[in-house]
There are 2 protein chains.
Amino acid sequence: MTLHDPQAGARPIRVVVADDHPIVRSGIVGLLESEPGIEVVGEAVDGAEAVALAVELRPDLVLMDLRMPVLDGAAATERIVADAGSGTRVLVLTTYETDDHILAAIEAGASGYLLKAAPQEEILAGIRSVAAGETVLAPSIAAKLVSRVRHGSATAGPAAPSLSPRELEVLRHVADGRSNPEIARTLHIGEATVKTHLIHVFEKLEVGDRTRAVTRAMELGLL
Amino acid sequence: MTLHDPQAGARPIRVVVADDHPIVRSGIVGLLESEPGIEVVGEAVDGAEAVALAVELRPDLVLMDLRMPVLDGAAATERIVADAGSGTRVLVLTTYETDDHILAAIEAGASGYLLKAAPQEEILAGIRSVAAGETVLAPSIAAKLVSRVRHGSATAGPAAPSLSPRELEVLRHVADGRSNPEIARTLHIGEATVKTHLIHVFEKLEVGDRTRAVTRAMELGLL
DNA sequence: CGCGGCATCCACCGATCGGTTGAGCACGGA
DNA sequence: TCCGTGCTCAACCGATCGGTGGATGCCGCG
């Protein structure tokens with residue numbers, strides 16, 4: 001957690017702005033440029049470009065519109081959060097607030113969701129908060145979110161252990177309550193192999209049994 | 001949505017403050033009293049009294065602490081929201097921010113969740129927002145909430161099988177990855193008893209093994 | 001080019017789990 | 001009072017699980 005120095009100015013927040021409308025984009029960029037402690041390092045006109053820029057520039061934050069060509073904002077968010085693994089966080093800034101859109105963005109791993117209608121100070125404050133590791137939600141978004149509350153997994157797990165594709169596949173079957181012989185048959189491998197994969201999963205997840213492995217993986221957002 | 005007239009002052013926000021600590025309560029009341037447009041119409045020292053006052057006075061808002069005798073804040077919130085049906089909304093104001101507490105309060109129907117550590121202006125703004133029909137969440141709360149939304153189902157599972165207290169207790173230990181003998185020792189019962197409870201859980205949840213039982217219980221919001 | 005690291009694969013063994021049958025005790029509503 | 005429900009326990013068996021050891025093939029590093 002000692003990643004960023006809270007001293008603004010000494011180390012500006014590096015931002016990539018992703019929005020397909022040039023006018024909107026320039027407006028946002030203009031707002032951010034005039035703000036000390038925030039530096040716009042790149043602009044993307046679609047989701048694919050946003051992902052590319054995120055990987056290339058490793059910004060602190062991507063300001064993401066949802067409605068974009070080629071790759072929509074939610075999908076782009078997912079890739080950035082998943083791939084980078086780095087410190088890049090995504091703040092969704094959009095006009096829409098449909099339940100589906102919000103959910104998709106949140107599930108994709110966005111650290112915040114603000115509306116373009118929000119006052120400029122709120123947007124700037126949101127950027128600083130998200131860059132500092134917090135989560136920001138517009139009030140109307142919070143309301144919708146609340147109605148969805150149930151259970152889930154973790155946000156940005158500091159060190160989510162990386163399971164191999166095979167290990168993850170096996171673990172998913174375990175979460176469905178399948179037995180090792182069953183899993184072995186569906187994956188066309190030996191039962192012993194399934195066990196070995198699970199042993200490795202246990203080690204990576206630092207647990208001792210399959211049940212705990214599943215709950216732990218859920219906590220870490222791996223399932 | 002056209003319930004309240006946004007004109008402040010003409011029609012003050014009527015508030016009931018519920019907190020078992022007199023000092024804390026008087027502090028809150030003092031803060032609110034000095035604020036134009038907000039009127040404290042009642043004070044409650046426990047959850048039961050909060051419910052009674054809410055029904056009797058029909059305030060716009062109840063400022064609710066969670067940790068209270070007789071009836072805790074979450075339970076009180078549930079009754080107020082359910083019973084009244086009226087326009088009374090509940091804003092939770094507490095020191096704690098455990099996942100369980102937050103979840104319980106939100107699920108009980110609270111319209112907001114703020115921490116006592118928040119600056120006074122934030123609390124006042126929160127009261128106005130909630131009274132206006134919005135939902136407010138402290139940033140740290142928003143983060144926890146967001147983490148729950150990943151693959152979140154609807155609110156109340158249609159037919160969540162009712163597990164007995166003991167069955168639920170055993171299942172929770174299973175979710176923590178404990179073995180049957182371990183659970184037996186912690187609960188001071190025989191291993192055979194643990195098994196029996198689990199068998200019953202399996203039947204009620206319509207699953208065949210402990211791992212699936214845990215994931216199923218999570219899906220149903222039982223854990 | 002040899003070496004280690006990684007993911008994938010497999011076999012055996014003791015411990016645990018899931019399922020069964022059968023039973024006693026306390027509590028509260030019919 | 002009787003009956004249902006929840007909680008408790010015992011003994012047994014087959015299936016599965018977790019642990020250990022060892023094998024193969026692919027990759028990058030020196």
# chains A, B, ... in the order shown; residues from 1 in each chain; ligands from 1
$ interface_residues --of "chain C" --to "chain A" --cutoff "10 Å" --atoms "only C-alpha atoms (C1' of nucleotides)" --output "PyMOL selection string"
chain C and resi 7-11
$ write_last_selection --atoms "N, CA and C atoms (P, O5', C5', C4', C3', O3' and C1' of nucleotides)" --output "CSV table (one decimal), in the first residue's frame"
chain,number,residue,atom,x,y,z
C,7,DA,P,3.6,-23.0,-13.6
C,7,DA,O5',2.9,-24.0,-14.7
C,7,DA,C5',2.9,-23.8,-16.0
C,7,DA,C4',2.6,-25.0,-16.8
C,7,DA,C3',1.4,-25.8,-16.3
C,7,DA,O3',0.4,-26.0,-17.3
C,7,DA,C1',3.2,-27.2,-16.5
C,8,DT,P,-1.0,-26.6,-17.0
C,8,DT,O5',-0.9,-28.2,-17.3
C,8,DT,C5',-0.5,-28.6,-18.6
C,8,DT,C4',0.1,-30.0,-18.5
C,8,DT,C3',-0.9,-31.1,-17.8
C,8,DT,O3',-1.6,-31.7,-18.9
C,8,DT,C1',1.4,-31.4,-17.3
C,9,DC,P,-2.8,-32.7,-18.4
C,9,DC,O5',-1.9,-34.0,-17.9
C,9,DC,C5',-1.6,-35.0,-18.8
C,9,DC,C4',-0.6,-36.0,-18.1
C,9,DC,C3',-1.2,-37.0,-17.2
C,9,DC,O3',-1.6,-38.1,-17.9
C,9,DC,C1',0.9,-36.1,-16.4
C,10,DC,P,-2.7,-39.0,-17.3
C,10,DC,O5',-2.0,-39.9,-16.2
C,10,DC,C5',-1.0,-40.8,-16.6
C,10,DC,C4',-0.2,-41.4,-15.5
C,10,DC,C3',-1.1,-42.1,-14.4
C,10,DC,O3',-0.9,-43.5,-14.6
C,10,DC,C1',0.6,-40.7,-13.4
C,11,DA,P,-1.8,-44.5,-13.8
C,11,DA,O5',-1.0,-44.8,-12.5
C,11,DA,C5',0.4,-45.3,-12.6
C,11,DA,C4',0.9,-45.7,-11.3
C,11,DA,C3',-0.1,-46.5,-10.4
C,11,DA,O3',0.6,-47.5,-9.7
C,11,DA,C1',0.6,-44.5,-9.3
$ residues_around --residues "DG18 in chain C" --least-positions-apart "5" --cutoff "10 Å" --atoms "only C-alpha atoms (C1' of nucleotides)" --output "MDAnalysis selection string"
(chainID B and resid 195 198:199 208:210) or (chainID D and resid 14:16)
$ closest_residue --among "A:Leu163, A:Ala118, A:Val214, A:Val207" --to "chain D" --atoms "only C-alpha atoms (C1' of nucleotides)"
A:Val207
$ calpha_fit_rmsd --fixed "chain A" --moving "chain B"
7.8 Å
$ residues_around --residues "DG4 in chain C" --least-positions-apart "5" --cutoff "12 Å" --atoms "only C-alpha atoms (C1' of nucleotides)" --output "PyMOL selection string"
chain D and resi 27-30
$ atom_distance --atom1 "CA of Glu56 in chain B" --atom2 "CA of Leu124 in chain B"
24.1 Å
$ closest_residue --among "B:Asp83, B:Asp65, B:Glu169, B:Glu122" --to "Ile102 in chain B" --atoms "only C-alpha atoms"
B:Asp65
$ select_by_dssp --residues "range 41-141 of chain B" --states "strand (DSSP E or B)" --output "VMD selection string"
chain B and resid 41 to 44 61 to 64 89 to 94 112 to 115 136 to 137
$ closest_residue --among "B:Leu63, B:Ala44, B:Ala74, B:Ala82" --to "Asp20 in chain B" --atoms "only C-alpha atoms"
B:Ala44
$ interface_residues --of "chain D" --to "chain B" --cutoff "8 Å" --atoms "only C-alpha atoms (C1' of nucleotides)" --output "list in words"
DG6, DT8, DC9 and DA10 of chain D
$ write_last_selection --atoms "N, CA and C atoms (P, O5', C5', C4', C3', O3' and C1' of nucleotides)" --output "short mmCIF file (atom, residue, chain, number, x, y, z; two decimals), in the first residue's frame"
data_model
loop_
_atom_site.label_atom_id
_atom_site.label_comp_id
_atom_site.auth_asym_id
_atom_site.auth_seq_id
_atom_site.Cartn_x
_atom_site.Cartn_y
_atom_site.Cartn_z
P DG D 6 -36.45 -28.75 12.39
"O5'" DG D 6 -35.33 -28.64 13.51
"C5'" DG D 6 -35.52 -27.71 14.59
"C4'" DG D 6 -34.55 -28.07 15.71
"C3'" DG D 6 -33.11 -28.34 15.23
"O3'" DG D 6 -32.22 -27.52 15.97
"C1'" DG D 6 -33.86 -30.09 16.63
P DT D 8 -25.63 -30.25 18.96
"O5'" DT D 8 -25.59 -31.77 19.44
"C5'" DT D 8 -25.78 -32.09 20.80
"C4'" DT D 8 -25.94 -33.58 20.98
"C3'" DT D 8 -24.81 -34.43 20.45
"O3'" DT D 8 -23.78 -34.52 21.42
"C1'" DT D 8 -26.98 -35.45 20.15
P DC D 9 -22.32 -35.00 21.01
"O5'" DC D 9 -22.49 -36.56 20.71
"C5'" DC D 9 -22.77 -37.45 21.80
"C4'" DC D 9 -23.14 -38.81 21.27
"C3'" DC D 9 -22.02 -39.55 20.54
"O3'" DC D 9 -21.36 -40.42 21.43
"C1'" DC D 9 -24.21 -39.91 19.59
P DA D 10 -20.02 -41.16 21.02
"O5'" DA D 10 -20.53 -42.49 20.30
"C5'" DA D 10 -21.44 -43.35 20.97
"C4'" DA D 10 -21.70 -44.57 20.11
"C3'" DA D 10 -20.48 -45.08 19.35
"O3'" DA D 10 -20.26 -46.44 19.65
"C1'" DA D 10 -22.33 -44.79 17.87
#
$ select_by_dssp --residues "range 35-194 of chain B" --states "alpha helix (DSSP H)" --output "compact mmCIF listing (two decimals) with N, CA and C atoms, in the first residue's frame"
# COMPACT_ATOMS: atom_id res chain seq x y z
N GLY B 47 -32.66 0.16 19.85
CA GLY B 47 -33.35 -0.09 18.60
C GLY B 47 -34.86 -0.11 18.73
N ALA B 48 -35.32 -0.70 19.82
CA ALA B 48 -36.77 -0.80 20.01
C ALA B 48 -37.39 0.59 20.10
N GLU B 49 -36.72 1.47 20.84
CA GLU B 49 -37.24 2.82 20.98
C GLU B 49 -37.20 3.55 19.63
N ALA B 50 -36.18 3.26 18.85
CA ALA B 50 -36.06 3.88 17.53
C ALA B 50 -37.25 3.49 16.66
N VAL B 51 -37.61 2.22 16.73
CA VAL B 51 -38.75 1.75 15.95
C VAL B 51 -40.03 2.44 16.40
N ALA B 52 -40.20 2.49 17.74
CA ALA B 52 -41.40 3.11 18.30
C ALA B 52 -41.51 4.57 17.87
N LEU B 53 -40.40 5.28 17.98
CA LEU B 53 -40.41 6.70 17.62
C LEU B 53 -40.66 6.89 16.13
N ALA B 54 -40.11 6.01 15.34
CA ALA B 54 -40.29 6.12 13.89
C ALA B 54 -41.76 5.97 13.53
N VAL B 55 -42.40 5.02 14.17
CA VAL B 55 -43.83 4.79 13.90
C VAL B 55 -44.67 5.95 14.41
N GLU B 56 -44.29 6.44 15.58
CA GLU B 56 -45.10 7.48 16.22
C GLU B 56 -44.92 8.83 15.55
N LEU B 57 -43.67 9.17 15.27
CA LEU B 57 -43.39 10.53 14.78
C LEU B 57 -43.32 10.63 13.26
N GLY B 73 -29.18 -2.11 15.53
CA GLY B 73 -29.54 -1.16 14.49
C GLY B 73 -30.07 -1.79 13.22
N ALA B 74 -29.47 -2.89 12.83
CA ALA B 74 -29.90 -3.54 11.59
C ALA B 74 -31.34 -4.03 11.71
N ALA B 75 -31.63 -4.68 12.82
CA ALA B 75 -32.99 -5.19 13.03
C ALA B 75 -33.98 -4.04 13.09
N ALA B 76 -33.60 -2.97 13.78
CA ALA B 76 -34.47 -1.80 13.90
C ALA B 76 -34.72 -1.20 12.52
N THR B 77 -33.66 -1.13 11.73
CA THR B 77 -33.79 -0.59 10.38
C THR B 77 -34.80 -1.40 9.57
N GLU B 78 -34.66 -2.70 9.68
CA GLU B 78 -35.55 -3.59 8.94
C GLU B 78 -37.01 -3.31 9.28
N ARG B 79 -37.27 -3.18 10.57
CA ARG B 79 -38.67 -2.97 10.98
C ARG B 79 -39.19 -1.62 10.54
N ASP B 99 -17.59 -6.15 7.35
CA ASP B 99 -18.41 -6.58 6.21
C ASP B 99 -19.80 -7.02 6.65
N ASP B 100 -19.83 -7.81 7.71
CA ASP B 100 -21.11 -8.33 8.18
C ASP B 100 -22.07 -7.20 8.54
N HIS B 101 -21.54 -6.22 9.27
CA HIS B 101 -22.38 -5.12 9.71
C HIS B 101 -22.94 -4.34 8.54
N ILE B 102 -22.06 -4.05 7.60
CA ILE B 102 -22.48 -3.28 6.44
C ILE B 102 -23.56 -4.03 5.69
N LEU B 103 -23.26 -5.28 5.41
CA LEU B 103 -24.21 -6.10 4.68
C LEU B 103 -25.55 -6.14 5.38
N ALA B 104 -25.50 -6.40 6.66
CA ALA B 104 -26.73 -6.52 7.43
C ALA B 104 -27.55 -5.25 7.33
N ALA B 105 -26.87 -4.12 7.47
CA ALA B 105 -27.58 -2.83 7.44
C ALA B 105 -28.17 -2.56 6.07
N ILE B 106 -27.37 -2.79 5.05
CA ILE B 106 -27.84 -2.54 3.68
C ILE B 106 -29.02 -3.45 3.35
N GLU B 107 -28.86 -4.71 3.71
CA GLU B 107 -29.93 -5.64 3.41
C GLU B 107 -31.19 -5.33 4.21
N ALA B 108 -30.99 -4.73 5.36
CA ALA B 108 -32.13 -4.38 6.19
C ALA B 108 -32.90 -3.21 5.56
N GLN B 120 -17.94 16.55 9.68
CA GLN B 120 -19.32 16.95 9.97
C GLN B 120 -20.10 17.35 8.72
N GLU B 121 -19.41 18.05 7.82
CA GLU B 121 -20.11 18.52 6.62
C GLU B 121 -20.59 17.31 5.81
N GLU B 122 -19.76 16.26 5.82
CA GLU B 122 -20.13 15.09 5.05
C GLU B 122 -21.38 14.44 5.64
N ILE B 123 -21.44 14.41 6.94
CA ILE B 123 -22.59 13.82 7.60
C ILE B 123 -23.84 14.64 7.31
N LEU B 124 -23.71 15.96 7.40
CA LEU B 124 -24.85 16.83 7.12
C LEU B 124 -25.30 16.67 5.67
N ALA B 125 -24.34 16.65 4.78
CA ALA B 125 -24.67 16.48 3.36
C ALA B 125 -25.34 15.14 3.14
N GLY B 126 -24.87 14.13 3.86
CA GLY B 126 -25.46 12.80 3.75
C GLY B 126 -26.91 12.79 4.18
N ILE B 127 -27.19 13.49 5.26
CA ILE B 127 -28.57 13.55 5.75
C ILE B 127 -29.49 14.19 4.71
N ARG B 128 -29.01 15.29 4.13
CA ARG B 128 -29.83 15.97 3.11
C ARG B 128 -30.02 15.07 1.89
N SER B 129 -28.98 14.38 1.51
CA SER B 129 -29.07 13.51 0.33
C SER B 129 -30.07 12.39 0.55
N VAL B 130 -29.96 11.74 1.69
CA VAL B 130 -30.85 10.62 1.97
C VAL B 130 -32.28 11.11 2.08
N ALA B 131 -32.46 12.26 2.73
CA ALA B 131 -33.81 12.81 2.85
C ALA B 131 -34.38 13.13 1.48
N PRO B 139 -16.77 6.33 1.38
CA PRO B 139 -15.89 5.74 0.36
C PRO B 139 -15.42 4.34 0.71
N SER B 140 -14.99 4.14 1.94
CA SER B 140 -14.49 2.81 2.31
C SER B 140 -15.62 1.78 2.26
N ILE B 141 -16.82 2.24 2.53
CA ILE B 141 -17.97 1.35 2.46
C ILE B 141 -18.28 1.01 1.01
N ALA B 142 -18.19 2.03 0.17
CA ALA B 142 -18.45 1.81 -1.25
C ALA B 142 -17.53 0.72 -1.78
N ALA B 143 -16.29 0.76 -1.36
CA ALA B 143 -15.32 -0.22 -1.83
C ALA B 143 -15.75 -1.62 -1.44
N LYS B 144 -16.14 -1.77 -0.18
CA LYS B 144 -16.54 -3.10 0.29
C LYS B 144 -17.80 -3.56 -0.45
N LEU B 145 -18.68 -2.62 -0.66
CA LEU B 145 -19.92 -2.95 -1.35
C LEU B 145 -19.63 -3.45 -2.76
N VAL B 146 -18.77 -2.71 -3.42
CA VAL B 146 -18.43 -3.06 -4.79
C VAL B 146 -17.90 -4.47 -4.87
N SER B 147 -17.11 -4.82 -3.88
CA SER B 147 -16.48 -6.13 -3.90
C SER B 147 -17.52 -7.24 -3.78
N ARG B 148 -18.70 -6.87 -3.31
CA ARG B 148 -19.73 -7.89 -3.13
C ARG B 148 -20.55 -8.10 -4.39
N VAL B 149 -20.43 -7.16 -5.28
CA VAL B 149 -21.32 -7.19 -6.43
C VAL B 149 -20.85 -8.14 -7.51
N PRO B 165 -29.94 -23.38 13.25
CA PRO B 165 -28.78 -22.64 13.74
C PRO B 165 -27.52 -23.50 13.79
N ARG B 166 -27.73 -24.72 14.29
CA ARG B 166 -26.58 -25.60 14.43
C ARG B 166 -26.03 -26.02 13.06
N GLU B 167 -26.91 -26.30 12.15
CA GLU B 167 -26.51 -26.68 10.81
C GLU B 167 -25.71 -25.56 10.14
N LEU B 168 -26.20 -24.36 10.33
CA LEU B 168 -25.54 -23.20 9.74
C LEU B 168 -24.15 -23.02 10.35
N GLU B 169 -24.06 -23.26 11.66
CA GLU B 169 -22.80 -23.11 12.36
C GLU B 169 -21.78 -24.11 11.82
N VAL B 170 -22.22 -25.33 11.67
CA VAL B 170 -21.34 -26.37 11.13
C VAL B 170 -20.91 -26.00 9.71
N LEU B 171 -21.85 -25.57 8.92
CA LEU B 171 -21.56 -25.24 7.53
C LEU B 171 -20.52 -24.11 7.43
N ARG B 172 -20.62 -23.17 8.33
CA ARG B 172 -19.66 -22.06 8.32
C ARG B 172 -18.24 -22.58 8.55
N HIS B 173 -18.11 -23.53 9.46
CA HIS B 173 -16.78 -24.10 9.71
C HIS B 173 -16.29 -24.86 8.50
N VAL B 174 -17.21 -25.54 7.84
CA VAL B 174 -16.85 -26.26 6.62
C VAL B 174 -16.33 -25.28 5.57
N ALA B 175 -16.99 -24.14 5.48
CA ALA B 175 -16.58 -23.11 4.52
C ALA B 175 -15.18 -22.59 4.84
N ASN B 180 -14.18 -32.53 9.66
CA ASN B 180 -15.25 -32.90 10.58
C ASN B 180 -14.74 -33.09 12.01
N PRO B 181 -13.63 -33.82 12.22
CA PRO B 181 -13.13 -33.97 13.60
C PRO B 181 -12.80 -32.62 14.23
N GLU B 182 -12.22 -31.72 13.44
CA GLU B 182 -11.89 -30.38 13.96
C GLU B 182 -13.15 -29.67 14.43
N ILE B 183 -14.14 -29.67 13.55
CA ILE B 183 -15.40 -28.99 13.85
C ILE B 183 -16.01 -29.59 15.11
N ALA B 184 -15.94 -30.91 15.19
CA ALA B 184 -16.51 -31.58 16.36
C ALA B 184 -15.86 -31.08 17.64
N ARG B 185 -14.54 -30.96 17.62
CA ARG B 185 -13.84 -30.49 18.82
C ARG B 185 -14.22 -29.06 19.17
N THR B 186 -14.24 -28.19 18.16
CA THR B 186 -14.55 -26.77 18.44
C THR B 186 -15.96 -26.60 18.97
N LEU B 187 -16.87 -27.40 18.49
CA LEU B 187 -18.25 -27.23 18.91
C LEU B 187 -18.60 -28.13 20.11
N GLU B 191 -17.97 -36.32 16.33
CA GLU B 191 -17.80 -36.21 14.88
C GLU B 191 -19.05 -36.71 14.16
N ALA B 192 -19.66 -37.74 14.73
CA ALA B 192 -20.87 -38.30 14.13
C ALA B 192 -21.95 -37.24 14.01
N THR B 193 -22.04 -36.39 15.02
CA THR B 193 -23.05 -35.34 15.01
C THR B 193 -22.79 -34.34 13.90
N VAL B 194 -21.53 -34.02 13.73
CA VAL B 194 -21.18 -33.10 12.65
C VAL B 194 -21.64 -33.67 11.32
$ closest_residue --among "A:Lys204, A:Arg216, A:Arg67, A:Arg25" --to "chain B" --atoms "only C-alpha atoms"
A:Arg216
$ residues_around --residues "DG14 in chain C" --least-positions-apart "2" --cutoff "10 Å" --atoms "only C-alpha atoms (C1' of nucleotides)" --output "count of residues only"
3
